[in-house]
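*Asks:* Supplied structure: my_file11.txt, compact mmCIF, C-alpha atoms and all ligand atoms.
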# COMPACT_ATOMS: atom_id res chain seq x y z
CA MET A 1 6.63 -23.42 -12.84
CA LEU A 2 6.09 -19.74 -13.54
CA SER A 3 6.29 -18.49 -17.11
CA LYS A 4 8.95 -15.90 -17.82
CA THR A 5 6.29 -13.25 -18.43
CA LEU A 6 4.48 -13.91 -15.17
CA GLN A 7 7.74 -14.06 -13.28
CA GLU A 8 8.65 -10.61 -14.59
CA ALA A 9 5.21 -9.23 -13.82
CA LEU A 10 5.27 -10.63 -10.27
CA ASN A 11 8.72 -9.15 -9.75
CA LYS A 12 7.35 -5.77 -10.87
CA GLN A 13 4.59 -6.15 -8.31
CA LEU A 14 7.20 -7.01 -5.68
CA ALA A 15 8.98 -3.76 -6.54
CA LEU A 16 5.72 -1.81 -6.30
CA GLU A 17 5.02 -3.23 -2.82
CA ALA A 18 8.56 -2.25 -1.79
CA ALA A 19 7.96 1.25 -3.19
CA SER A 20 4.70 1.44 -1.19
CA SER A 21 6.55 0.48 1.96
CA GLN A 22 9.13 3.25 1.31
CA ALA A 23 6.44 5.81 0.45
CA TYR A 24 4.56 5.13 3.68
CA LEU A 25 7.75 5.18 5.71
CA ALA A 26 8.40 8.68 4.32
CA MET A 27 4.85 9.70 5.30
CA HIS A 28 5.54 8.32 8.77
CA SER A 29 8.71 10.39 9.06
CA TRP A 30 6.99 13.57 7.83
CA ALA A 31 4.09 13.16 10.28
CA ASP A 32 6.49 12.29 13.09
CA ILE A 33 8.01 15.77 13.07
CA GLN A 34 4.70 17.67 12.78
CA PRO A 35 3.22 18.84 16.07
CA GLY A 36 0.24 16.74 17.15
CA LEU A 37 0.29 14.10 14.42
CA GLN A 38 1.56 11.12 16.39
CA GLY A 39 -1.50 9.05 15.48
CA VAL A 40 -0.92 9.66 11.77
CA ALA A 41 2.79 8.86 12.21
CA ASP A 42 1.94 5.55 13.88
CA PHE A 43 -0.62 4.79 11.18
CA PHE A 44 1.95 5.11 8.37
CA ASP A 45 4.52 3.18 10.35
CA LYS A 46 2.08 0.25 10.41
CA GLN A 47 1.12 0.72 6.75
CA SER A 48 4.79 0.65 5.80
CA GLU A 49 5.36 -2.57 7.74
CA GLU A 50 2.31 -4.13 6.13
CA GLU A 51 3.55 -3.34 2.62
CA ARG A 52 6.84 -5.01 3.45
CA VAL A 53 4.86 -8.12 4.37
CA HIS A 54 3.07 -7.90 0.99
CA MET A 55 6.46 -7.72 -0.70
CA LEU A 56 7.81 -10.72 1.25
CA LYS A 57 4.78 -12.83 0.36
CA LEU A 58 5.52 -12.23 -3.33
CA LEU A 59 9.20 -12.98 -2.84
CA LYS A 60 8.41 -16.32 -1.26
CA TYR A 61 5.83 -17.22 -3.88
CA ILE A 62 8.03 -16.41 -6.89
CA ASN A 63 10.86 -18.56 -5.53
CA GLU A 64 8.54 -21.38 -4.52
CA ARG A 65 7.22 -21.58 -8.06
CA GLY A 66 10.65 -22.02 -9.57
CA GLY A 67 11.30 -18.36 -10.37
CA PHE A 68 13.81 -15.91 -8.96
CA ALA A 69 12.52 -13.06 -6.81
CA VAL A 70 14.55 -9.92 -7.46
CA VAL A 71 15.04 -7.50 -4.58
CA PRO A 72 14.70 -4.07 -6.20
CA ALA A 73 16.85 -0.94 -5.79
CA LEU A 74 15.38 1.69 -3.52
CA GLU A 75 14.02 4.86 -5.06
CA GLN A 76 13.42 7.92 -2.92
CA PRO A 77 9.70 8.47 -2.45
CA ILE A 78 8.01 11.85 -1.86
CA ILE A 79 9.43 12.95 1.49
CA THR A 80 7.67 16.22 2.21
CA PHE A 81 4.04 17.32 1.94
CA GLN A 82 2.25 20.67 1.83
CA SER A 83 -0.55 19.46 4.07
CA LEU A 84 -2.07 16.44 5.76
CA LYS A 85 -4.67 16.37 3.00
CA ARG A 86 -1.91 15.95 0.40
CA VAL A 87 -0.52 12.97 2.33
CA PHE A 88 -3.83 11.16 2.25
CA GLU A 89 -4.52 12.03 -1.40
CA GLU A 90 -1.16 10.50 -2.20
CA PHE A 91 -1.99 7.45 -0.07
CA LEU A 92 -5.21 6.89 -2.06
CA ARG A 93 -3.48 7.48 -5.40
CA HIS A 94 -0.87 4.91 -4.47
CA GLU A 95 -3.40 2.28 -3.43
CA LEU A 96 -5.39 2.78 -6.66
CA GLN A 97 -2.21 2.22 -8.62
CA VAL A 98 -1.53 -0.99 -6.70
CA SER A 99 -5.10 -2.24 -7.30
CA GLU A 100 -4.78 -1.62 -11.02
CA SER A 101 -1.52 -3.48 -11.12
CA ILE A 102 -2.98 -6.44 -9.18
CA ASN A 103 -5.93 -6.56 -11.57
CA ASP A 104 -3.58 -6.69 -14.57
CA LEU A 105 -1.70 -9.55 -12.92
CA VAL A 106 -4.92 -11.48 -12.29
CA ASP A 107 -5.84 -11.01 -15.91
CA MET A 108 -2.45 -12.26 -17.04
CA ALA A 109 -2.61 -15.33 -14.76
CA LEU A 110 -6.02 -16.25 -16.16
CA LYS A 111 -4.89 -15.81 -19.76
CA GLU A 112 -1.93 -18.12 -19.09
CA LYS A 113 -4.20 -20.57 -17.23
CA ASP A 114 -1.83 -20.34 -14.25
CA TYR A 115 -4.47 -21.08 -11.63
CA ALA A 116 -2.00 -21.32 -8.77
CA THR A 117 -0.94 -17.73 -9.38
CA TYR A 118 -4.54 -16.71 -9.91
CA ASN A 119 -5.36 -18.24 -6.53
CA PHE A 120 -2.34 -16.66 -4.84
CA LEU A 121 -3.40 -13.23 -6.12
CA GLN A 122 -6.89 -13.43 -4.63
CA TRP A 123 -5.43 -12.51 -1.24
CA TYR A 124 -4.13 -9.26 -2.77
CA VAL A 125 -7.47 -8.58 -4.45
CA SER A 126 -9.27 -8.69 -1.08
CA GLU A 127 -6.53 -6.73 0.61
CA GLN A 128 -6.84 -3.95 -1.97
CA ILE A 129 -10.60 -3.66 -1.42
CA GLU A 130 -9.88 -2.98 2.27
CA GLU A 131 -7.00 -0.62 1.62
CA GLU A 132 -8.93 1.41 -0.93
CA ARG A 133 -11.90 1.65 1.38
CA LEU A 134 -9.69 2.82 4.24
CA ALA A 135 -7.94 5.41 2.07
CA ARG A 136 -11.28 6.74 0.78
CA THR A 137 -12.80 6.91 4.28
CA LEU A 138 -9.84 8.89 5.58
CA ASN A 139 -9.90 11.26 2.60
CA ASP A 140 -13.64 11.85 3.10
CA LYS A 141 -13.11 12.61 6.77
CA LEU A 142 -10.37 15.12 6.02
CA GLU A 143 -12.60 16.76 3.41
CA LEU A 144 -15.30 17.22 6.06
CA ILE A 145 -12.87 18.50 8.68
CA GLY A 146 -11.25 21.11 6.43
CA GLU A 147 -9.16 23.45 8.58
CA ASP A 148 -11.09 22.76 11.79
CA LYS A 149 -8.47 22.21 14.51
CA SER A 150 -10.61 20.14 16.85
CA GLY A 151 -11.63 17.95 13.91
CA LEU A 152 -7.99 17.36 13.08
CA TYR A 153 -7.27 16.55 16.70
CA LEU A 154 -9.97 13.86 16.67
CA PHE A 155 -8.80 12.56 13.28
CA ASP A 156 -5.31 12.01 14.66
CA ARG A 157 -6.64 10.49 17.86
CA ASP A 158 -8.98 8.03 16.09
CA ILE A 159 -7.03 7.07 12.98
CA MET A 160 -5.78 3.76 14.42
CA PHE A 161 -9.31 2.87 15.36
CA TYR A 162 -10.42 3.26 11.69
CA ARG A 163 -7.46 1.19 10.59
CA ASN A 164 -8.21 -1.63 13.03
CA GLN A 165 -11.82 -1.70 11.91
CA GLN A 166 -10.80 -2.89 8.43
FE1 LIG A 201 -1.70 -1.69 -0.25
O1 LIG A 201 -0.45 -2.31 -1.46
FE2 LIG A 201 0.19 -3.86 -0.91
O2 LIG A 201 -0.94 -4.94 -1.74
Translate the structure described by the file into structure tokens.
Ligand code: OFO
*Replies:*
Amino acid sequence: MLSKTLQEALNKQLALEAASSQAYLAMHSWADIQPGLQGVADFFDKQSEEERVHMLKLLKYINERGGFAVVPALEQPIITFQSLKRVFEEFLRHELQVSESINDLVDMALKEKDYATYNFLQWYVSEQIEEERLARTLNDKLELIGEDKSGLYLFDRDIMFYRNQQ
């Protein structure tokens, strides 16, 4: 049975995963209406779906352990961006925030000696390593490309390839 504190903390994480899904859906929509960014649009569509899966995993786990998973209210994420670079900076910032929150949860589970939750969270720990690496790689690439149009063309063309490599 989950403690009240852990239940609340896991529900906060559930809300953060839902917020990630919304944030990436907004990035998808922004990219979708920019000329030539279909690859980026598809990338964020997939990222958004994946975050929903992360949220659902938490929902199932909280309920399975005798808690009550709370579906959060939707907040509007950032919907418009000055540049592609800003989108990916925001993507990295978001993933770093998620990693920090997962680490705090792991810490809490250990302190409470809730090894089932500790074990459950390991999946998220590994996932965050991959997500952070992907976000950093893409930011580095954009830094190199700068304003170079052919570089941006290749970035958009190959982005799904980088994602599938993770
Ligand atoms: Fe990438 O945020 Fe979920 O775990």
*Asks:* Give me the residues within 9 Å of A:Asp45 as a list in words, counting all atoms listed in the file and dropping any in the same chain fewer than 2 places off.
*Replies:* Tyr24, Leu25, Met27, His28, Ser29, Val40, Ala41, Asp42, Phe43, Gln47, Ser48, Glu49 and Glu50 of chain A
*Asks:* What residues have any atom no more than 6 Å from ligand LIG 201 (chain A) when counting only C-alpha atoms and all ligand atoms, and can you list them as a VMD selection string?
*Replies:* chain A and resid 17 51 54 95 98 124 128 131
*Asks:* Rounded to one decimal place, report the atom CA of A:Arg93-atom CA of A:Lys57 distance in Å.
*Replies:*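 Interatomic distance, atom CA of A:Arg93 to atom CA of A:Lys57: 22.7 Å.
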*Asks:* Could you give me, as CSV, every stretch 74-99 of chain A residue with an atom at most 12 Å from stretch 31-39 of chain A, plus its closest atom pair and distance in Å to one decimal, counting all atoms listed in the file, rows ordered by chain then number?
*Replies:*
residue,atom,partner,partner_atom,distance
A:Ile79,CA,A:Ala31,CA,10.3
A:Thr80,CA,A:Ala31,CA,9.3
A:Phe81,CA,A:Ala31,CA,9.3
A:Gln82,CA,A:Ala31,CA,11.5
A:Ser83,CA,A:Ala31,CA,10.0
A:Leu84,CA,A:Ala31,CA,8.3
A:Lys85,CA,A:Ala31,CA,11.8
A:Arg86,CA,A:Ala31,CA,11.9
A:Val87,CA,A:Ala31,CA,9.2
A:Phe88,CA,A:Ala31,CA,11.5
*Asks:* Between A:Ala73, A:Leu142, A:Ala26, A:Ala116, which residue has the minimum interatomic distance to A:Met1, considering all atoms listed in the file?
*Replies:* A:Ala116
*Asks:* Can you work out the spacing between atom CA of A:Leu59 and atom CA of A:Arg133 in Å, to one decimal?
*Replies:*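 About the pair atom CA of A:Leu59 and atom CA of A:Arg133: they are 26.0 Å apart.
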*Asks:* So which one's closest to A:Ala9, A:Met55, A:Ile102, A:Val71, A:Ile78? Using all atoms listed in the file, please.
*Replies:*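 Of all the options, A:Ile102 lies closest to A:Ala9.
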*Asks:* Considering all atoms listed in the file, state which residue in the set A:Gly67, A:Phe161, A:Ser3, A:Glu89 is at the smallest distance from A:Glu143.
*Replies:*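 Under the stated criterion, the closest residue is A:Glu89.
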*Asks:* Residues proximal to (-0.2, -21.9, -17.9) were defined as those with any atom within 12 Å of that point in the file's coordinates, counting all atoms listed in the file. Which are they, as a PyMOL selection string?
*Replies:* chain A and resi 1-6+108-118
